[in-house]
Amino acid sequence: MPLVKTLLFIAAVWELLRFAVLYLLFATQVTTGIGASVDHFITLWFGAPQLALAAGFLFMALYPERYAAFMNLLRLGKLLATAAAVPALAMQILAAIDGELVGAAFGTRMIAGLGVLAIDALLLIFLISLRNEEQVE
């Protein structure tokens, strides 16, 4: 399997893992009242589009000639996901300043968020660096 196909398959697996990790991390926080169910559904709502990126990466890895037009959509989706991490991390910092997140909850969320941001940035750089003729290997 060529290197580009392998990296696209790894990207598909990463998107599934990213969705699962972030969903479990943010939806299972101990909160009380209506805020718990609202947090759960908002996390699912904003995280679910990552599953479309996973499918796109998988189709690109398996059938690169047929789905070559997906590449720009994958780049845009990954750019938006990476850009969305900045305000999300800023909100976590503001929540910690207000005293809503303390100790292990803040540390876990920040470490996971920064880790996801780093991997997403690497994946975005990989997608941007691909030329059109490399996509159809």
# chains A, B, ... in the order shown; residues from 1 in each chain; ligands from 1
$ residues_around --residues "A:Leu79" --least-positions-apart "2" --cutoff "10 Å" --atoms "only C-alpha atoms" --output "ChimeraX atom specification"
/A:73-77,81-84,120-121,123-125,127-128
$ write_last_selection --atoms "N, CA, C and O atoms" --output "mmCIF file, in the first residue's frame"
data_model
loop_
_atom_site.group_PDB
_atom_site.id
_atom_site.type_symbol
_atom_site.label_atom_id
_atom_site.label_comp_id
_atom_site.auth_asym_id
_atom_site.auth_seq_id
_atom_site.Cartn_x
_atom_site.Cartn_y
_atom_site.Cartn_z
ATOM 1 N N LEU A 73 -12.402 19.054 0.282
ATOM 2 C CA LEU A 73 -13.358 19.029 1.394
ATOM 3 C C LEU A 73 -12.703 18.525 2.679
ATOM 4 O O LEU A 73 -12.989 19.029 3.766
ATOM 5 N N LEU A 74 -11.828 17.545 2.543
ATOM 6 C CA LEU A 74 -11.112 17.042 3.717
ATOM 7 C C LEU A 74 -10.184 18.115 4.278
ATOM 8 O O LEU A 74 -10.075 18.272 5.497
ATOM 9 N N ARG A 75 -9.532 18.845 3.406
ATOM 10 C CA ARG A 75 -8.671 19.941 3.863
ATOM 11 C C ARG A 75 -9.490 20.995 4.603
ATOM 12 O O ARG A 75 -9.085 21.468 5.670
ATOM 13 N N LEU A 76 -10.617 21.371 4.038
ATOM 14 C CA LEU A 76 -11.469 22.374 4.676
ATOM 15 C C LEU A 76 -12.004 21.880 6.010
ATOM 16 O O LEU A 76 -11.990 22.610 7.006
ATOM 17 N N GLY A 77 -12.469 20.643 6.051
ATOM 18 C CA GLY A 77 -12.979 20.081 7.302
ATOM 19 C C GLY A 77 -11.920 20.021 8.379
ATOM 20 O O GLY A 77 -12.177 20.342 9.550
ATOM 21 N N ALA A 81 -11.847 22.078 11.913
ATOM 22 C CA ALA A 81 -11.711 21.359 13.178
ATOM 23 C C ALA A 81 -10.513 21.862 13.971
ATOM 24 O O ALA A 81 -10.578 21.998 15.198
ATOM 25 N N THR A 82 -9.431 22.167 13.286
ATOM 26 C CA THR A 82 -8.241 22.676 13.958
ATOM 27 C C THR A 82 -8.477 24.093 14.477
ATOM 28 O O THR A 82 -8.090 24.424 15.601
ATOM 29 N N ALA A 83 -9.131 24.911 13.671
ATOM 30 C CA ALA A 83 -9.415 26.282 14.096
ATOM 31 C C ALA A 83 -10.400 26.318 15.268
ATOM 32 O O ALA A 83 -10.311 27.199 16.129
ATOM 33 N N ALA A 84 -11.315 25.372 15.328
ATOM 34 C CA ALA A 84 -12.295 25.338 16.415
ATOM 35 C C ALA A 84 -11.660 24.967 17.753
ATOM 36 O O ALA A 84 -12.236 25.229 18.807
ATOM 37 N N ASP A 120 -4.115 17.067 15.018
ATOM 38 C CA ASP A 120 -4.892 17.681 13.941
ATOM 39 C C ASP A 120 -4.037 18.627 13.109
ATOM 40 O O ASP A 120 -4.169 18.687 11.887
ATOM 41 N N ALA A 121 -3.167 19.371 13.748
ATOM 42 C CA ALA A 121 -2.285 20.290 13.015
ATOM 43 C C ALA A 121 -1.339 19.507 12.104
ATOM 44 O O ALA A 121 -1.113 19.902 10.949
ATOM 45 N N LEU A 123 -1.914 16.549 10.808
ATOM 46 C CA LEU A 123 -2.741 16.009 9.730
ATOM 47 C C LEU A 123 -3.090 17.097 8.721
ATOM 48 O O LEU A 123 -3.075 16.858 7.507
ATOM 49 N N LEU A 124 -3.375 18.301 9.194
ATOM 50 C CA LEU A 124 -3.665 19.409 8.290
ATOM 51 C C LEU A 124 -2.450 19.746 7.429
ATOM 52 O O LEU A 124 -2.572 19.967 6.212
ATOM 53 N N ILE A 125 -1.275 19.756 8.020
ATOM 54 C CA ILE A 125 -0.045 20.010 7.260
ATOM 55 C C ILE A 125 0.154 18.921 6.198
ATOM 56 O O ILE A 125 0.515 19.212 5.059
ATOM 57 N N LEU A 127 -2.219 17.140 4.729
ATOM 58 C CA LEU A 127 -3.215 17.331 3.673
ATOM 59 C C LEU A 127 -2.867 18.500 2.757
ATOM 60 O O LEU A 127 -3.030 18.418 1.541
ATOM 61 N N ILE A 128 -2.391 19.580 3.341
ATOM 62 C CA ILE A 128 -2.044 20.752 2.538
ATOM 63 C C ILE A 128 -0.820 20.470 1.670
ATOM 64 O O ILE A 128 -0.715 20.951 0.547
#
$ select_by_dssp --residues "stretch 5-134 of chain A" --states "helix (DSSP H, G or I)" --output "PyMOL selection string"
chain A and resi 5-27+34-47+49-62+70-97+103-129+132-134
$ closest_residue --among "A:Leu53, A:Leu62, A:Ala85, A:Ala20" --to "A:Lys5" --atoms "only C-alpha atoms"
A:Leu62
$ residues_around --residues "A:Ala11" --least-positions-apart "3" --cutoff "12 Å" --atoms "only C-alpha atoms" --output "ChimeraX atom specification"
/A:4-8,14-18,50-51,53-61,74-75,78,119-124,126-127
$ atom_distance --atom1 "atom CA of A:Thr43" --atom2 "atom CA of A:Leu22"
8.2 Å
$ closest_residue --among "A:Val21, A:Ala112, A:Val86, A:Leu3" --to "A:Gly47" --atoms "only C-alpha atoms"
A:Val21
$ residues_around --residues "A:Met110" --least-positions-apart "3" --cutoff "9 Å" --atoms "only C-alpha atoms" --output "MDAnalysis selection string"
chainID A and resid 89 92:93 105:107 113:115
$ write_last_selection --atoms "N, CA, C and O atoms" --output "PDB file, in the first residue's frame"
ATOM      1  N   LEU A  89     -10.279  25.583  23.676  1.00  0.00           N
ATOM      2  CA  LEU A  89      -9.267  25.599  24.733  1.00  0.00           C
ATOM      3  C   LEU A  89      -9.337  26.891  25.539  1.00  0.00           C
ATOM      4  O   LEU A  89      -9.149  26.882  26.758  1.00  0.00           O
ATOM      5  N   GLN A  92     -12.013  26.567  28.078  1.00  0.00           N
ATOM      6  CA  GLN A  92     -11.601  25.732  29.201  1.00  0.00           C
ATOM      7  C   GLN A  92     -10.777  26.548  30.192  1.00  0.00           C
ATOM      8  O   GLN A  92     -10.928  26.406  31.406  1.00  0.00           O
ATOM      9  N   ILE A  93      -9.910  27.391  29.680  1.00  0.00           N
ATOM     10  CA  ILE A  93      -9.086  28.240  30.551  1.00  0.00           C
ATOM     11  C   ILE A  93      -9.969  29.221  31.308  1.00  0.00           C
ATOM     12  O   ILE A  93      -9.801  29.427  32.518  1.00  0.00           O
ATOM     13  N   ALA A 105      -9.929  17.624  36.457  1.00  0.00           N
ATOM     14  CA  ALA A 105     -10.819  17.858  35.317  1.00  0.00           C
ATOM     15  C   ALA A 105     -10.198  18.855  34.350  1.00  0.00           C
ATOM     16  O   ALA A 105     -10.196  18.645  33.138  1.00  0.00           O
ATOM     17  N   PHE A 106      -9.638  19.928  34.867  1.00  0.00           N
ATOM     18  CA  PHE A 106      -9.009  20.927  34.011  1.00  0.00           C
ATOM     19  C   PHE A 106      -7.767  20.349  33.349  1.00  0.00           C
ATOM     20  O   PHE A 106      -7.559  20.509  32.146  1.00  0.00           O
ATOM     21  N   GLY A 107      -6.933  19.676  34.118  1.00  0.00           N
ATOM     22  CA  GLY A 107      -5.703  19.110  33.559  1.00  0.00           C
ATOM     23  C   GLY A 107      -5.975  18.089  32.481  1.00  0.00           C
ATOM     24  O   GLY A 107      -5.330  18.096  31.423  1.00  0.00           O
ATOM     25  N   GLY A 113      -7.034  18.183  24.968  1.00  0.00           N
ATOM     26  CA  GLY A 113      -7.267  19.201  23.948  1.00  0.00           C
ATOM     27  C   GLY A 113      -6.003  19.584  23.205  1.00  0.00           C
ATOM     28  O   GLY A 113      -5.996  19.702  21.980  1.00  0.00           O
ATOM     29  N   LEU A 114      -4.916  19.779  23.932  1.00  0.00           N
ATOM     30  CA  LEU A 114      -3.651  20.131  23.287  1.00  0.00           C
ATOM     31  C   LEU A 114      -3.108  18.972  22.453  1.00  0.00           C
ATOM     32  O   LEU A 114      -2.531  19.181  21.385  1.00  0.00           O
ATOM     33  N   GLY A 115      -3.295  17.749  22.935  1.00  0.00           N
ATOM     34  CA  GLY A 115      -2.863  16.579  22.163  1.00  0.00           C
ATOM     35  C   GLY A 115      -3.636  16.444  20.861  1.00  0.00           C
ATOM     36  O   GLY A 115      -3.052  16.204  19.793  1.00  0.00           O
TER      37      GLY A 115
END
$ closest_residue --among "A:Leu44, A:Ile10, A:Leu117, A:Ala95" --to "A:Leu25" --atoms "only C-alpha atoms"
A:Leu44
$ atom_distance --atom1 "atom CA of A:Ala68" --atom2 "atom CA of A:Ser129"
15.0 Å
